[in-house]
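Chemist: Just passing along the structure, written as structure tokens.
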Amino acid sequence: GSSFKPFNYMTALQKGVVTAATMIMDVRQAFPDPPNPPYVPENYDLKYHGPVSVRNALARSYNIPAVWVMQKSGVKDVIRNAHKMGLTTLDEDYYGLALTLGGGEVKPLDMAYAFSVFANNGVMAGKPVPEQDIRPGYRKLDPVAILRVEDADGKILYEYTQPHTEQIISPALAYLMTSILTDNNARAPAFGAHSSLVLDDRPVAAKTGTTNNFRDNWTLGYTPQLAVAVWVGNNDNTPMKDVTGLSGAGPIWHDVMEYYHRDKPVETWLRPPGLVDVTVDAVSGLLPTEYTPSTKTELFLEGTEPKEKDNVHQAFQINKANGKLAVAGCTPPDLIETQVFEIYPPVANDWVKEQGIPQPPHEYDDSCAGAVAAGPVAITYPRQFEYIHGGVVITGNARLDGFQLYRLEFGQGLNPQAWNQIGGDHGSPVDNGPLEYWETSGLPEGLYTLQLTVLRGDGSFERQATQVTIDNTPPAAEILNPEDGKVYVLEDDEYVNFQVDANDNFAMDRVEYYIDNRKVGESTVAPYNMRWTLVMSDITLSREYAITQTLPLLAPDGQPIIGEDGQPVPGQVITLTQVISITAPRTPEDIAANLDITDTEKIIGYTQVFSGGMQIISDTVGYTETHVIWVKAFDAAGNEFQTDPLHISIIHKKEDEDKPQSRLLLDPRRWVATLPGRT
């Protein structure tokens, strides 16, 4: 599980690709994982936490930042470091980004040994691995299990006195990792301030881990005197019931640590050379600016301190009357104010929108007497380099002293060699209004230049041009996940991970997701993906439903369907159909037990069909709810494409599948590996 994450973060810090202050966007992301579909990790709490520092991401064990860091670290380099730190497994060639979340098998003793390197300022202590057993790239020392052997008379036959040592990582890097793993303030938002990962009388480093379906959970940690690894799981590898590293292995680890240290002096780690403290912007982790709202002091490996200034908190000049970007010479000075906005990387666009984080306007102030800001000869729509399709109403200004007429023309490319007039000459001036209608459907796609020419009566003229891209081809889209007909188990799967491959010949805008004819979300960041939490209505169907009875459309909870405008959706209906088997006649015993002996058919199930496509099936096999899903892809020009519908089903876990999960209380197998600390 997540107990492997320290090796990933350690590698990234060692390579200098991140620092403890580096900002990572904990938002929904899809990571390329060829030849497989993009990998879309989720956090344990199924939430997105926005901008988090490396320190907080590791301390709180967030999964999405860990995968982002793994991509920066490189899977092979992380495995190479893990081997040097003491792990003897992970010797296959199929590991991917999921390794940082526990996608590989490790041993409790190896994990304790590796964490002891952190505890020991980067030094591994032990006995040499026999020469014939040394593997290139793996550890050269082994932990020592037997410290002394005595005979019946107390004579010492063997005593292990002085371990061999090897510096595996720098003391500065080990200290930085310990600084993060002991930071309870950083950990508290996810684990609580008084969790089992805390010792009341001394600093202690700790990390938990939980694998899928709660099959394994871990807690590892150390002080300068002792490193301890605890694993909890079932003998037969069956899942446990909601047992995490914090709730399962954590209390055991805590009690072992407390017992061992009950009469030990409090020791801390001495700070080695090679580290510097720097004050940084609390969000971006970069150097503060005048717009930085808050700062913090962070620990850096010497030479990795930030050189760039904060780029998240950016200032914009705004016309406070209309909220548009101020324009010099147009916006009155008394209406201009400086506003600071949080500008995050494009991968966070959807999250920023969902959180309602204010963003700077895209429109410039044009309040100067009806688009005076654009000038007397101006095309105000379409905007410069905009994507357009179909018929377009061109708007703008065509007004000059001595006005005679204006015309609009277009040509291919940035510098057209030939011009084509749109419509005829126009003899009336236009002030911030429609200039001409342009039908683009029959034109070759690509970049065009629109040119507005306004003539005066004396033969002089003024021109203004803008570039646009004509795109009349819809985008392409394919649902990669889920597969058509996929069955989900509500108690195991939790959510559906939509993954869509969408592309356009010019530029994509967004992908919208639909379930049962209702929009449930959208994404603007490629690769396009969305999480939909599984729900079941568990409606009890009965014979009271007449065959093909028509009723107003209701949601599974019995409430009216509400549209995007917040009002009940009118005019839609559902059809309730009672399914009676014609191939399952009643047995003589069935007929004898029924007063109505003329009823010779046995009802084996009911189906409820919603007009949006959802179906509820209740029969002798069980209870199933099916949904129809599809997506719409929109390109930057406004063209759209809708995929063919797919069907998914949701069922409940059968009761007998839960029985093995109770074995944690009956037949637990718990490993505790301890290693002394300092040499």
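Quick note on naming: the chains in the structure tokens go A, B, ... in the order shown, residues restart at 1 in each chain, and ligands are numbered from 1 in order of appearance.
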If you count only C-alpha atoms, which residues fall within 7 Å of Phe410 in chain A, apart from same-chain ones fewer than 5 positions away, as a list in words?
Modeler: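 Final neighbour list, sorted by chain and number: Trp419, Asn420, Gln421, Tyr448, Thr449, Leu450 and Gln451 of chain A.
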Chemist: Skipping near chain neighbours, those fewer than 6 positions away, what residues fall within 9 Å of range 476-489 of chain A using only C-alpha atoms, listed as a PyMOL selection string?
Modeler: chain A and resi 37+495-505+511+534+626+630-633+640-653
Chemist: If you keep C-alpha atoms, can you produce a file of those selected residues as a CSV table (one decimal), in the first residue's frame?
Modeler:
chain,number,residue,atom,x,y,z
A,37,PRO,CA,-5.6,3.1,-21.0
A,495,TYR,CA,-17.6,4.4,-8.5
A,496,VAL,CA,-17.4,4.2,-12.3
A,497,ASN,CA,-14.3,5.7,-13.9
A,498,PHE,CA,-15.2,7.2,-17.2
A,499,GLN,CA,-12.3,7.5,-19.6
A,500,VAL,CA,-12.8,9.0,-23.0
A,501,ASP,CA,-10.5,9.4,-26.0
A,502,ALA,CA,-11.6,12.6,-27.7
A,503,ASN,CA,-9.7,14.6,-30.3
A,504,ASP,CA,-10.3,17.2,-33.0
A,505,ASN,CA,-8.6,18.2,-36.2
A,511,VAL,CA,-16.5,16.4,-23.0
A,534,LEU,CA,-22.3,4.3,-7.8
A,626,THR,CA,-28.9,-0.9,-15.5
A,630,TRP,CA,-22.8,8.2,-23.5
A,631,VAL,CA,-20.7,11.3,-24.0
A,632,LYS,CA,-20.8,14.4,-26.1
A,633,ALA,CA,-17.5,15.9,-27.4
A,640,GLU,CA,-20.3,18.3,-31.4
A,641,PHE,CA,-20.2,14.5,-31.6
A,642,GLN,CA,-22.2,12.0,-29.5
A,643,THR,CA,-21.0,8.5,-28.9
A,644,ASP,CA,-23.2,5.4,-29.2
A,645,PRO,CA,-24.8,4.5,-25.9
A,646,LEU,CA,-23.3,1.8,-23.7
A,647,HIS,CA,-25.0,-0.1,-20.9
A,648,ILE,CA,-23.7,-0.8,-17.4
A,649,SER,CA,-25.3,-2.8,-14.6
A,650,ILE,CA,-25.1,-2.4,-10.8
A,651,ILE,CA,-25.8,-5.3,-8.4
A,652,HIS,CA,-25.4,-5.9,-4.7
A,653,LYS,CA,-22.7,-8.3,-3.4
Chemist: Name all residues at most 6 Å from range 159-169 of chain A (count only C-alpha atoms; drop same-chain ones fewer than 2 positions away) and give them as a VMD selection string.
Modeler: chain A and resid 122 to 127 147 to 148
Chemist: Could you please take those selected residues and save C-alpha atoms as an mmCIF file, in the first residue's frame?
Modeler:
data_model
loop_
_atom_site.group_PDB
_atom_site.id
_atom_site.type_symbol
_atom_site.label_atom_id
_atom_site.label_comp_id
_atom_site.auth_asym_id
_atom_site.auth_seq_id
_atom_site.Cartn_x
_atom_site.Cartn_y
_atom_site.Cartn_z
ATOM 1 C CA GLY A 122 21.061 7.312 5.691
ATOM 2 C CA VAL A 123 23.269 4.514 7.002
ATOM 3 C CA MET A 124 22.480 0.803 6.638
ATOM 4 C CA ALA A 125 23.864 -1.416 9.410
ATOM 5 C CA GLY A 126 24.061 -5.204 9.361
ATOM 6 C CA LYS A 127 26.115 -8.195 8.354
ATOM 7 C CA LEU A 147 23.022 -11.255 18.571
ATOM 8 C CA ARG A 148 24.495 -13.828 20.963
#
Chemist: So that I can see what lies close to Ile357 in chain A, please list as an MDAnalysis selection string the residues with an atom at most 12 Å from it, counting only C-alpha atoms and leaving out residues fewer than 5 positions away in the same chain.
Modeler: chainID A and resid 50 340:344 348:352
Chemist: Smallest atom-to-atom distance to Ala112 in chain A: which of A:Asp142, A:Asp635, A:Glu298, A:Asp91, using only C-alpha atoms?
Modeler: A:Asp142
